[in-house]
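File shown: data16.pdb (PDB, C-alpha atoms and all ligand atoms).
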ATOM      1  CA  MET A  62    -126.473-187.338  13.184  1.00  0.00           C
ATOM      2  CA  ARG A  63    -122.985-186.274  12.128  1.00  0.00           C
ATOM      3  CA  LEU A  64    -120.063-188.500  13.050  1.00  0.00           C
ATOM      4  CA  LEU A  65    -116.614-186.917  12.900  1.00  0.00           C
ATOM      5  CA  GLU A  66    -113.551-189.069  13.406  1.00  0.00           C
ATOM      6  CA  LYS A  67    -110.266-187.668  14.626  1.00  0.00           C
ATOM      7  CA  ASN A  68    -106.948-189.421  15.093  1.00  0.00           C
ATOM      8  CA  THR A  69    -106.045-188.213  18.551  1.00  0.00           C
ATOM      9  CA  TYR A  70    -107.524-186.817  21.755  1.00  0.00           C
ATOM     10  CA  GLU A  71    -105.851-183.480  20.967  1.00  0.00           C
ATOM     11  CA  GLU A  72    -107.471-183.254  17.523  1.00  0.00           C
ATOM     12  CA  MET A  73    -110.856-184.203  18.938  1.00  0.00           C
ATOM     13  CA  SER A  74    -110.484-181.611  21.682  1.00  0.00           C
ATOM     14  CA  VAL A  75    -109.478-178.801  19.328  1.00  0.00           C
ATOM     15  CA  LEU A  76    -112.438-179.505  17.045  1.00  0.00           C
ATOM     16  CA  CYS A  77    -114.830-179.731  19.984  1.00  0.00           C
ATOM     17  CA  GLY A  78    -113.460-176.485  21.459  1.00  0.00           C
ATOM     18  CA  ARG A  79    -113.811-174.783  18.087  1.00  0.00           C
ATOM     19  CA  ILE A  80    -117.447-175.829  17.769  1.00  0.00           C
ATOM     20  CA  LEU A  81    -118.170-174.553  21.290  1.00  0.00           C
ATOM     21  CA  GLY A  82    -116.273-171.349  20.492  1.00  0.00           C
ATOM     22  CA  ALA A  83    -118.203-170.938  17.243  1.00  0.00           C
ATOM     23  CA  GLN A  84    -121.430-171.108  19.233  1.00  0.00           C
ATOM     24  CA  VAL A  85    -120.192-168.277  21.456  1.00  0.00           C
ATOM     25  CA  LEU A  86    -119.199-166.224  18.392  1.00  0.00           C
ATOM     26  CA  LEU A  87    -122.550-166.813  16.695  1.00  0.00           C
ATOM     27  CA  LYS A  88    -124.556-165.943  19.780  1.00  0.00           C
ATOM     28  CA  PRO A  89    -122.554-164.128  22.475  1.00  0.00           C
ATOM     29  CA  ASP A  90    -125.355-164.582  25.025  1.00  0.00           C
ATOM     30  CA  CYS A  91    -125.840-168.274  24.272  1.00  0.00           C
ATOM     31  CA  ALA A  92    -126.617-170.939  26.839  1.00  0.00           C
ATOM     32  CA  LEU A  93    -124.074-173.745  26.858  1.00  0.00           C
ATOM     33  CA  GLY A  94    -124.804-177.082  28.474  1.00  0.00           C
ATOM     34  CA  LEU A  95    -121.539-178.375  29.914  1.00  0.00           C
ATOM     35  CA  ALA A  96    -120.111-181.716  30.979  1.00  0.00           C
ATOM     36  CA  THR A  97    -117.371-182.961  33.274  1.00  0.00           C
ATOM     37  CA  GLY A  98    -115.080-185.989  33.122  1.00  0.00           C
ATOM     38  CA  SER A  99    -111.715-186.512  31.419  1.00  0.00           C
ATOM     39  CA  SER A 100    -113.165-186.281  27.907  1.00  0.00           C
ATOM     40  CA  PRO A 101    -113.971-182.529  27.786  1.00  0.00           C
ATOM     41  CA  ILE A 102    -110.807-181.269  29.537  1.00  0.00           C
ATOM     42  CA  GLY A 103    -108.949-180.722  26.243  1.00  0.00           C
ATOM     43  CA  ALA A 104    -111.944-178.937  24.715  1.00  0.00           C
ATOM     44  CA  TYR A 105    -112.037-176.544  27.676  1.00  0.00           C
ATOM     45  CA  GLU A 106    -108.291-175.949  27.216  1.00  0.00           C
ATOM     46  CA  GLU A 107    -108.996-175.031  23.594  1.00  0.00           C
ATOM     47  CA  LEU A 108    -111.732-172.604  24.682  1.00  0.00           C
ATOM     48  CA  VAL A 109    -109.323-171.006  27.167  1.00  0.00           C
ATOM     49  CA  ARG A 110    -106.707-170.690  24.379  1.00  0.00           C
ATOM     50  CA  GLN A 111    -109.239-168.939  22.152  1.00  0.00           C
ATOM     51  CA  TYR A 112    -110.216-166.631  25.005  1.00  0.00           C
ATOM     52  CA  GLU A 113    -106.586-165.794  25.804  1.00  0.00           C
ATOM     53  CA  GLY A 114    -105.986-165.131  22.103  1.00  0.00           C
ATOM     54  CA  GLY A 115    -108.742-162.513  22.201  1.00  0.00           C
ATOM     55  CA  LEU A 116    -111.115-164.517  20.000  1.00  0.00           C
ATOM     56  CA  LEU A 117    -113.834-165.182  22.548  1.00  0.00           C
ATOM     57  CA  ASP A 118    -115.773-163.158  25.071  1.00  0.00           C
ATOM     58  CA  PHE A 119    -117.733-165.049  27.729  1.00  0.00           C
ATOM     59  CA  SER A 120    -119.178-162.013  29.478  1.00  0.00           C
ATOM     60  CA  GLN A 121    -122.721-162.776  28.322  1.00  0.00           C
ATOM     61  CA  VAL A 122    -122.507-166.567  28.129  1.00  0.00           C
ATOM     62  CA  ARG A 123    -124.653-168.640  30.489  1.00  0.00           C
ATOM     63  CA  THR A 124    -123.891-172.247  31.347  1.00  0.00           C
ATOM     64  CA  VAL A 125    -125.757-175.180  32.863  1.00  0.00           C
ATOM     65  CA  ASN A 126    -123.959-178.359  33.828  1.00  0.00           C
ATOM     66  CA  LEU A 127    -125.422-181.796  33.430  1.00  0.00           C
ATOM     67  CA  ASP A 128    -124.962-183.079  36.921  1.00  0.00           C
ATOM     68  CA  GLU A 129    -123.393-182.905  40.374  1.00  0.00           C
ATOM     69  CA  TYR A 130    -122.517-185.480  43.014  1.00  0.00           C
ATOM     70  CA  CYS A 131    -124.702-185.575  46.106  1.00  0.00           C
ATOM     71  CA  GLY A 132    -122.946-184.725  49.327  1.00  0.00           C
ATOM     72  CA  LEU A 133    -119.887-182.919  47.946  1.00  0.00           C
ATOM     73  CA  LYS A 134    -119.627-179.228  48.764  1.00  0.00           C
ATOM     74  CA  ALA A 135    -118.629-176.867  45.958  1.00  0.00           C
ATOM     75  CA  GLU A 136    -115.148-176.538  47.528  1.00  0.00           C
ATOM     76  CA  HIS A 137    -114.516-180.301  47.442  1.00  0.00           C
ATOM     77  CA  ASN A 138    -111.848-180.968  44.838  1.00  0.00           C
ATOM     78  CA  GLN A 139    -113.961-183.679  43.189  1.00  0.00           C
ATOM     79  CA  SER A 140    -117.185-181.705  43.006  1.00  0.00           C
ATOM     80  CA  TYR A 141    -118.217-180.825  39.495  1.00  0.00           C
ATOM     81  CA  ARG A 142    -118.428-177.137  40.468  1.00  0.00           C
ATOM     82  CA  TYR A 143    -114.753-177.335  41.457  1.00  0.00           C
ATOM     83  CA  PHE A 144    -113.925-179.082  38.159  1.00  0.00           C
ATOM     84  CA  MET A 145    -115.652-176.376  36.132  1.00  0.00           C
ATOM     85  CA  GLU A 146    -113.900-173.578  38.064  1.00  0.00           C
ATOM     86  CA  GLU A 147    -110.560-175.269  37.571  1.00  0.00           C
ATOM     87  CA  HIS A 148    -110.877-176.071  33.875  1.00  0.00           C
ATOM     88  CA  LEU A 149    -113.003-173.245  32.513  1.00  0.00           C
ATOM     89  CA  PHE A 150    -114.856-170.750  34.685  1.00  0.00           C
ATOM     90  CA  GLY A 151    -111.768-169.567  36.555  1.00  0.00           C
ATOM     91  CA  LYS A 152    -109.839-169.053  33.317  1.00  0.00           C
ATOM     92  CA  VAL A 153    -112.241-167.001  31.183  1.00  0.00           C
ATOM     93  CA  ASN A 154    -114.328-163.878  31.743  1.00  0.00           C
ATOM     94  CA  ILE A 155    -117.574-165.703  32.453  1.00  0.00           C
ATOM     95  CA  LYS A 156    -119.653-164.242  35.269  1.00  0.00           C
ATOM     96  CA  LYS A 157    -119.984-166.686  38.144  1.00  0.00           C
ATOM     97  CA  GLU A 158    -123.662-165.781  38.531  1.00  0.00           C
ATOM     98  CA  ASN A 159    -124.234-167.013  34.971  1.00  0.00           C
ATOM     99  CA  THR A 160    -122.891-170.510  35.707  1.00  0.00           C
ATOM    100  CA  PHE A 161    -125.244-173.143  37.065  1.00  0.00           C
ATOM    101  CA  LEU A 162    -124.902-176.651  38.444  1.00  0.00           C
ATOM    102  CA  PRO A 163    -127.305-178.642  40.583  1.00  0.00           C
ATOM    103  CA  ASP A 164    -126.733-178.208  44.329  1.00  0.00           C
ATOM    104  CA  GLY A 165    -125.613-181.652  45.445  1.00  0.00           C
ATOM    105  CA  CYS A 166    -125.891-180.657  49.103  1.00  0.00           C
ATOM    106  CA  ALA A 167    -129.462-179.355  49.004  1.00  0.00           C
ATOM    107  CA  GLY A 168    -131.475-180.336  52.095  1.00  0.00           C
ATOM    108  CA  ASP A 169    -134.545-181.010  49.983  1.00  0.00           C
ATOM    109  CA  VAL A 170    -133.218-182.906  46.968  1.00  0.00           C
ATOM    110  CA  GLU A 171    -136.608-183.215  45.288  1.00  0.00           C
ATOM    111  CA  ALA A 172    -137.134-179.459  45.439  1.00  0.00           C
ATOM    112  CA  GLU A 173    -133.620-178.955  44.083  1.00  0.00           C
ATOM    113  CA  CYS A 174    -134.384-181.269  41.131  1.00  0.00           C
ATOM    114  CA  ALA A 175    -137.567-179.315  40.343  1.00  0.00           C
ATOM    115  CA  ARG A 176    -135.714-175.989  40.630  1.00  0.00           C
ATOM    116  CA  TYR A 177    -132.933-177.144  38.312  1.00  0.00           C
ATOM    117  CA  GLU A 178    -135.350-178.598  35.753  1.00  0.00           C
ATOM    118  CA  GLU A 179    -137.137-175.271  35.562  1.00  0.00           C
ATOM    119  CA  LEU A 180    -133.874-173.370  35.323  1.00  0.00           C
ATOM    120  CA  VAL A 181    -132.582-175.507  32.431  1.00  0.00           C
ATOM    121  CA  ALA A 182    -135.913-175.317  30.589  1.00  0.00           C
ATOM    122  CA  GLY A 183    -135.901-171.537  30.970  1.00  0.00           C
ATOM    123  CA  MET A 184    -132.372-171.249  29.562  1.00  0.00           C
ATOM    124  CA  GLN A 185    -133.144-173.009  26.258  1.00  0.00           C
ATOM    125  CA  VAL A 186    -129.716-174.553  25.874  1.00  0.00           C
ATOM    126  CA  ASP A 187    -128.201-173.745  22.470  1.00  0.00           C
ATOM    127  CA  LEU A 188    -125.493-176.385  22.547  1.00  0.00           C
ATOM    128  CA  GLN A 189    -125.170-179.264  25.004  1.00  0.00           C
ATOM    129  CA  LEU A 190    -121.785-180.949  25.370  1.00  0.00           C
ATOM    130  CA  LEU A 191    -121.783-184.599  26.469  1.00  0.00           C
ATOM    131  CA  GLY A 192    -119.295-187.287  27.371  1.00  0.00           C
ATOM    132  CA  ILE A 193    -120.393-190.892  27.688  1.00  0.00           C
ATOM    133  CA  GLY A 194    -119.832-193.552  30.341  1.00  0.00           C
ATOM    134  CA  HIS A 195    -118.697-197.071  29.442  1.00  0.00           C
ATOM    135  CA  ASN A 196    -122.203-198.318  30.218  1.00  0.00           C
ATOM    136  CA  GLY A 197    -123.743-195.685  27.926  1.00  0.00           C
ATOM    137  CA  HIS A 198    -124.643-193.182  30.621  1.00  0.00           C
ATOM    138  CA  ILE A 199    -124.949-189.514  29.716  1.00  0.00           C
ATOM    139  CA  GLY A 200    -124.903-187.011  32.535  1.00  0.00           C
ATOM    140  CA  PHE A 201    -125.508-189.546  35.299  1.00  0.00           C
ATOM    141  CA  ASN A 202    -128.424-191.278  33.568  1.00  0.00           C
ATOM    142  CA  GLU A 203    -127.481-194.862  34.278  1.00  0.00           C
ATOM    143  CA  PRO A 204    -128.967-197.847  32.395  1.00  0.00           C
ATOM    144  CA  ALA A 205    -132.539-198.167  33.672  1.00  0.00           C
ATOM    145  CA  GLU A 206    -136.025-199.436  32.940  1.00  0.00           C
ATOM    146  CA  ASP A 207    -137.189-196.051  31.628  1.00  0.00           C
ATOM    147  CA  PHE A 208    -135.704-192.870  30.213  1.00  0.00           C
ATOM    148  CA  ALA A 209    -135.909-190.225  32.943  1.00  0.00           C
ATOM    149  CA  ALA A 210    -137.776-187.211  31.633  1.00  0.00           C
ATOM    150  CA  GLN A 211    -136.518-184.638  34.105  1.00  0.00           C
ATOM    151  CA  VAL A 212    -133.787-183.674  36.526  1.00  0.00           C
ATOM    152  CA  HIS A 213    -133.682-186.346  39.220  1.00  0.00           C
ATOM    153  CA  GLN A 214    -131.569-187.947  41.888  1.00  0.00           C
ATOM    154  CA  VAL A 215    -129.868-191.130  40.749  1.00  0.00           C
ATOM    155  CA  LYS A 216    -128.103-193.978  42.497  1.00  0.00           C
ATOM    156  CA  LEU A 217    -124.790-194.472  40.708  1.00  0.00           C
ATOM    157  CA  ALA A 218    -124.072-197.835  39.075  1.00  0.00           C
ATOM    158  CA  GLU A 219    -121.286-199.891  40.691  1.00  0.00           C
ATOM    159  CA  SER A 220    -119.313-199.633  37.421  1.00  0.00           C
ATOM    160  CA  THR A 221    -119.582-195.829  37.513  1.00  0.00           C
ATOM    161  CA  ILE A 222    -118.467-195.691  41.147  1.00  0.00           C
ATOM    162  CA  LYS A 223    -115.508-197.891  40.240  1.00  0.00           C
ATOM    163  CA  ALA A 224    -114.631-195.858  37.127  1.00  0.00           C
ATOM    164  CA  ASN A 225    -114.836-192.550  38.988  1.00  0.00           C
ATOM    165  CA  SER A 226    -112.929-193.851  42.031  1.00  0.00           C
ATOM    166  CA  ARG A 227    -109.706-193.184  40.090  1.00  0.00           C
ATOM    167  CA  LEU A 228    -110.187-189.535  41.027  1.00  0.00           C
ATOM    168  CA  PHE A 229    -110.784-190.096  44.742  1.00  0.00           C
ATOM    169  CA  LYS A 230    -108.344-191.183  47.463  1.00  0.00           C
ATOM    170  CA  ARG A 231    -110.459-194.174  48.472  1.00  0.00           C
ATOM    171  CA  MET A 232    -113.342-196.059  46.882  1.00  0.00           C
ATOM    172  CA  GLU A 233    -115.480-195.241  49.987  1.00  0.00           C
ATOM    173  CA  ASP A 234    -115.077-191.533  49.233  1.00  0.00           C
ATOM    174  CA  VAL A 235    -116.937-191.751  45.902  1.00  0.00           C
ATOM    175  CA  PRO A 236    -120.484-190.431  46.347  1.00  0.00           C
ATOM    176  CA  ARG A 237    -123.147-193.082  45.781  1.00  0.00           C
ATOM    177  CA  SER A 238    -125.705-190.715  44.249  1.00  0.00           C
ATOM    178  CA  ALA A 239    -125.958-187.612  42.123  1.00  0.00           C
ATOM    179  CA  VAL A 240    -128.429-185.101  40.756  1.00  0.00           C
ATOM    180  CA  THR A 241    -128.547-185.183  36.977  1.00  0.00           C
ATOM    181  CA  MET A 242    -130.477-183.710  34.076  1.00  0.00           C
ATOM    182  CA  GLY A 243    -132.851-186.379  32.783  1.00  0.00           C
ATOM    183  CA  ILE A 244    -132.706-187.696  29.229  1.00  0.00           C
ATOM    184  CA  GLY A 245    -135.744-185.526  28.494  1.00  0.00           C
ATOM    185  CA  THR A 246    -133.957-182.463  29.876  1.00  0.00           C
ATOM    186  CA  ILE A 247    -130.896-183.165  27.706  1.00  0.00           C
ATOM    187  CA  LEU A 248    -132.928-183.716  24.540  1.00  0.00           C
ATOM    188  CA  LYS A 249    -134.469-180.241  24.876  1.00  0.00           C
ATOM    189  CA  ALA A 250    -131.135-178.650  23.884  1.00  0.00           C
ATOM    190  CA  LYS A 251    -131.168-177.226  20.365  1.00  0.00           C
ATOM    191  CA  LYS A 252    -127.895-178.919  19.422  1.00  0.00           C
ATOM    192  CA  ILE A 253    -125.959-181.734  21.040  1.00  0.00           C
ATOM    193  CA  LEU A 254    -122.227-182.449  20.785  1.00  0.00           C
ATOM    194  CA  LEU A 255    -120.914-185.747  22.139  1.00  0.00           C
ATOM    195  CA  ILE A 256    -117.227-186.582  22.432  1.00  0.00           C
ATOM    196  CA  ALA A 257    -115.705-189.972  23.122  1.00  0.00           C
ATOM    197  CA  GLY A 258    -112.272-191.576  23.117  1.00  0.00           C
ATOM    198  CA  PRO A 259    -111.277-194.986  21.697  1.00  0.00           C
ATOM    199  CA  ASP A 260    -112.153-196.827  24.919  1.00  0.00           C
ATOM    200  CA  LYS A 261    -115.786-195.876  24.259  1.00  0.00           C
ATOM    201  CA  ALA A 262    -115.913-197.090  20.627  1.00  0.00           C
ATOM    202  CA  ASP A 263    -118.137-200.103  21.379  1.00  0.00           C
ATOM    203  CA  ILE A 264    -120.667-198.243  23.488  1.00  0.00           C
ATOM    204  CA  VAL A 265    -120.774-195.321  21.021  1.00  0.00           C
ATOM    205  CA  GLU A 266    -121.576-197.753  18.224  1.00  0.00           C
ATOM    206  CA  LYS A 267    -124.359-199.355  20.287  1.00  0.00           C
ATOM    207  CA  ALA A 268    -125.740-195.941  21.228  1.00  0.00           C
ATOM    208  CA  LEU A 269    -125.742-194.543  17.702  1.00  0.00           C
ATOM    209  CA  TYR A 270    -126.696-197.592  15.671  1.00  0.00           C
ATOM    210  CA  GLY A 271    -128.322-200.029  18.098  1.00  0.00           C
ATOM    211  CA  PRO A 272    -131.894-200.066  19.367  1.00  0.00           C
ATOM    212  CA  VAL A 273    -133.117-197.039  21.309  1.00  0.00           C
ATOM    213  CA  THR A 274    -133.358-198.388  24.845  1.00  0.00           C
ATOM    214  CA  PRO A 275    -133.000-196.999  28.382  1.00  0.00           C
ATOM    215  CA  GLN A 276    -130.508-199.828  28.966  1.00  0.00           C
ATOM    216  CA  VAL A 277    -128.177-197.720  26.778  1.00  0.00           C
ATOM    217  CA  PRO A 278    -129.171-194.208  27.880  1.00  0.00           C
ATOM    218  CA  ALA A 279    -127.160-192.467  25.133  1.00  0.00           C
ATOM    219  CA  SER A 280    -129.237-194.292  22.488  1.00  0.00           C
ATOM    220  CA  ALA A 281    -131.929-191.661  23.160  1.00  0.00           C
ATOM    221  CA  LEU A 282    -129.744-189.253  21.172  1.00  0.00           C
ATOM    222  CA  GLN A 283    -131.047-190.997  18.039  1.00  0.00           C
ATOM    223  CA  LEU A 284    -134.332-189.216  18.759  1.00  0.00           C
ATOM    224  CA  HIS A 285    -132.732-185.758  18.519  1.00  0.00           C
ATOM    225  CA  GLY A 286    -132.514-183.933  15.206  1.00  0.00           C
ATOM    226  CA  ASP A 287    -129.151-182.176  15.626  1.00  0.00           C
ATOM    227  CA  VAL A 288    -126.434-184.344  17.143  1.00  0.00           C
ATOM    228  CA  THR A 289    -122.733-184.194  16.318  1.00  0.00           C
ATOM    229  CA  VAL A 290    -120.465-186.940  17.624  1.00  0.00           C
ATOM    230  CA  ILE A 291    -116.687-186.585  17.615  1.00  0.00           C
ATOM    231  CA  ILE A 292    -114.680-189.708  18.313  1.00  0.00           C
ATOM    232  CA  SER A 293    -110.935-190.067  18.536  1.00  0.00           C
ATOM    233  CA  LYS A 294    -109.201-193.214  17.287  1.00  0.00           C
ATOM    234  CA  GLN A 295    -106.365-193.065  19.810  1.00  0.00           C
TER     235      GLN A 295
HETATM  236  C1  LIG A 301    -119.059-189.147  34.592  1.00  0.00           C
HETATM  237  C2  LIG A 301    -119.954-187.953  34.209  1.00  0.00           C
HETATM  238  C3  LIG A 301    -120.365-187.992  32.758  1.00  0.00           C
HETATM  239  C4  LIG A 301    -119.171-188.313  31.892  1.00  0.00           C
HETATM  240  C5  LIG A 301    -118.693-189.715  32.213  1.00  0.00           C
HETATM  241  C6  LIG A 301    -117.478-190.149  31.399  1.00  0.00           C
HETATM  242  O1  LIG A 301    -119.659-190.124  35.341  1.00  0.00           O
HETATM  243  N1  LIG A 301    -121.111-187.798  35.020  1.00  0.00           N
HETATM  244  O2  LIG A 301    -120.948-186.742  32.404  1.00  0.00           O
HETATM  245  O3  LIG A 301    -119.507-188.242  30.536  1.00  0.00           O
HETATM  246  O4  LIG A 301    -118.379-189.821  33.593  1.00  0.00           O
HETATM  247  O5  LIG A 301    -116.316-189.584  31.921  1.00  0.00           O
HETATM  248  P1  LIG A 301    -114.919-189.605  31.230  1.00  0.00           P
HETATM  249  O6  LIG A 301    -114.965-188.595  30.157  1.00  0.00           O
HETATM  250  O7  LIG A 301    -113.963-189.252  32.326  1.00  0.00           O
HETATM  251  O8  LIG A 301    -114.717-190.997  30.718  1.00  0.00           O
END
Entire entry expressed as structure tokens:
Amino acid sequence: MRLLEKNTYEEMSVLCGRILGAQVLLKPDCALGLATGSSPIGAYEELVRQYEGGLLDFSQVRTVNLDEYCGLKAEHNQSYRYFMEEHLFGKVNIKKENTFLPDGCAGDVEAECARYEELVAGMQVDLQLLGIGHNGHIGFNEPAEDFAAQVHQVKLAESTIKANSRLFKRMEDVPRSAVTMGIGTILKAKKILLIAGPDKADIVEKALYGPVTPQVPASALQLHGDVTVIISKQ
């Protein structure tokens, strides 16, 4: 595990964007595992800057996102598909057909979970980007009795609903469930890159140095052989 400390969100974002960009340079047809939330926005801005500067070509890149809310259509401005279009996909030359997220509106959610698990496994993710929730969740793997092995539907923790309500008009509008890669799905990525701001310092410490337990889902990253964590002090 490599821990890199940066002073500011901007510095963390530039470094994170450079590592993601380096992956694209090294392997132009790589598979990137992507995340949503406030944490990766600056890293996506850095990727867009590199693309606009002529340094990166996304024409062969494939992406899989960690998760999607249940019940929000792709056009909803809080869906994770919308987020990805707004912050990255719509700003670089990635092909839309090479970008994948779970379908949060699938009629048969179980079948959708199985389809997405197979898709992610088939992609062999080269580099998986992660944020972390205040309760240690990664993707939408909330604290639980067991580590989920595969893509599954999850009931969101009250604290997650509250935290994410800042982005919705009303608390009632926040979806109560989501489809997420399981911890097992995430750990299959060849490399993992986690970013976290100062408000996550305590949970990052627990996850990286505490016991490996499904009560702190991110602690499972200790079981992976190639994890880089970038934290910002402010
Ligand atoms: C959401 C996402 C996670 C993300 C987390 C933290 O619930 N499902 O993938 O890491 O929140 O978000 P933020 O970076 O906004 O704190």
Q) So what does the PyMOL selection byres (((chain A and resi 178) around 9) and not hetatm) actually pick up in this one, as a VMD selection string? A) chain A and resid 173 to 177 179 to 183 211 to 213 242 to 243 246
Q: Taking the point (-128.0, -186.5, 38.8) as given in the file, collect each protein or nucleic acid residue that comes within 9 Å of it, counting only C-alpha atoms, and present the set as a PyMOL selection string.
A: chain A and resi 127-131+163+165+174+200-202+212-217+238-243
Could the residues in this selection be saved with C-alpha atoms as a PDB file, in the coordinates of the input?
ATOM      1  CA  LEU A 127    -125.422-181.796  33.430  1.00  0.00           C
ATOM      2  CA  ASP A 128    -124.962-183.079  36.921  1.00  0.00           C
ATOM      3  CA  GLU A 129    -123.393-182.905  40.374  1.00  0.00           C
ATOM      4  CA  TYR A 130    -122.517-185.480  43.014  1.00  0.00           C
ATOM      5  CA  CYS A 131    -124.702-185.575  46.106  1.00  0.00           C
ATOM      6  CA  PRO A 163    -127.305-178.642  40.583  1.00  0.00           C
ATOM      7  CA  GLY A 165    -125.613-181.652  45.445  1.00  0.00           C
ATOM      8  CA  CYS A 174    -134.384-181.269  41.131  1.00  0.00           C
ATOM      9  CA  GLY A 200    -124.903-187.011  32.535  1.00  0.00           C
ATOM     10  CA  PHE A 201    -125.508-189.546  35.299  1.00  0.00           C
ATOM     11  CA  ASN A 202    -128.424-191.278  33.568  1.00  0.00           C
ATOM     12  CA  VAL A 212    -133.787-183.674  36.526  1.00  0.00           C
ATOM     13  CA  HIS A 213    -133.682-186.346  39.220  1.00  0.00           C
ATOM     14  CA  GLN A 214    -131.569-187.947  41.888  1.00  0.00           C
ATOM     15  CA  VAL A 215    -129.868-191.130  40.749  1.00  0.00           C
ATOM     16  CA  LYS A 216    -128.103-193.978  42.497  1.00  0.00           C
ATOM     17  CA  LEU A 217    -124.790-194.472  40.708  1.00  0.00           C
ATOM     18  CA  SER A 238    -125.705-190.715  44.249  1.00  0.00           C
ATOM     19  CA  ALA A 239    -125.958-187.612  42.123  1.00  0.00           C
ATOM     20  CA  VAL A 240    -128.429-185.101  40.756  1.00  0.00           C
ATOM     21  CA  THR A 241    -128.547-185.183  36.977  1.00  0.00           C
ATOM     22  CA  MET A 242    -130.477-183.710  34.076  1.00  0.00           C
ATOM     23  CA  GLY A 243    -132.851-186.379  32.783  1.00  0.00           C
TER      24      GLY A 243
END
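Across A:Ile193, A:Ile244, A:Ala209, A:Lys261, the tightest approach to Gly98 in chain A is made by A:Ile193 when counting all atoms listed in the file.
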Q: Carefully work through the PyMOL selection byres (((chain A and resi 103) around 8) and not hetatm) for this structure and note down the residues it includes, as a ChimeraX atom specification.
A: /A:70-71,74-75,78,100-102,104-107
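With distances taken over all atoms listed in the file, A:Glu203 is the one residue among A:Glu233, A:Asp118, A:Glu266, A:Glu203 lying closest to ligand LIG 301 (chain A).
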For range 239-243 of chain A, supply all heavy atoms and report the output as a PDB file, in the frame of the given file.
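Contents of the output file out_24.pdb:
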ATOM      1  N   ALA A 239    -126.197-188.898  42.794  1.00  0.00           N
ATOM      2  CA  ALA A 239    -125.958-187.612  42.123  1.00  0.00           C
ATOM      3  C   ALA A 239    -127.296-187.026  41.691  1.00  0.00           C
ATOM      4  O   ALA A 239    -128.310-187.730  41.653  1.00  0.00           O
ATOM      5  CB  ALA A 239    -125.073-187.832  40.900  1.00  0.00           C
ATOM      6  N   VAL A 240    -127.271-185.740  41.389  1.00  0.00           N
ATOM      7  CA  VAL A 240    -128.429-185.101  40.756  1.00  0.00           C
ATOM      8  C   VAL A 240    -128.043-184.864  39.298  1.00  0.00           C
ATOM      9  O   VAL A 240    -126.965-184.336  39.020  1.00  0.00           O
ATOM     10  CB  VAL A 240    -128.774-183.763  41.447  1.00  0.00           C
ATOM     11  CG1 VAL A 240    -129.833-183.007  40.644  1.00  0.00           C
ATOM     12  CG2 VAL A 240    -129.269-184.010  42.864  1.00  0.00           C
ATOM     13  N   THR A 241    -128.887-185.305  38.397  1.00  0.00           N
ATOM     14  CA  THR A 241    -128.547-185.183  36.977  1.00  0.00           C
ATOM     15  C   THR A 241    -129.734-184.694  36.141  1.00  0.00           C
ATOM     16  O   THR A 241    -130.892-184.958  36.484  1.00  0.00           O
ATOM     17  CB  THR A 241    -128.078-186.558  36.409  1.00  0.00           C
ATOM     18  OG1 THR A 241    -127.733-186.409  35.026  1.00  0.00           O
ATOM     19  CG2 THR A 241    -129.142-187.638  36.524  1.00  0.00           C
ATOM     20  N   MET A 242    -129.428-183.991  35.064  1.00  0.00           N
ATOM     21  CA  MET A 242    -130.477-183.710  34.076  1.00  0.00           C
ATOM     22  C   MET A 242    -131.015-185.068  33.627  1.00  0.00           C
ATOM     23  O   MET A 242    -130.247-186.036  33.507  1.00  0.00           O
ATOM     24  CB  MET A 242    -129.889-183.034  32.828  1.00  0.00           C
ATOM     25  CG  MET A 242    -129.528-181.586  32.974  1.00  0.00           C
ATOM     26  SD  MET A 242    -129.146-180.942  31.301  1.00  0.00           S
ATOM     27  CE  MET A 242    -128.178-179.504  31.702  1.00  0.00           C
ATOM     28  N   GLY A 243    -132.292-185.149  33.341  1.00  0.00           N
ATOM     29  CA  GLY A 243    -132.851-186.379  32.783  1.00  0.00           C
ATOM     30  C   GLY A 243    -132.574-186.433  31.285  1.00  0.00           C
ATOM     31  O   GLY A 243    -132.097-185.459  30.687  1.00  0.00           O
TER      32      GLY A 243
END
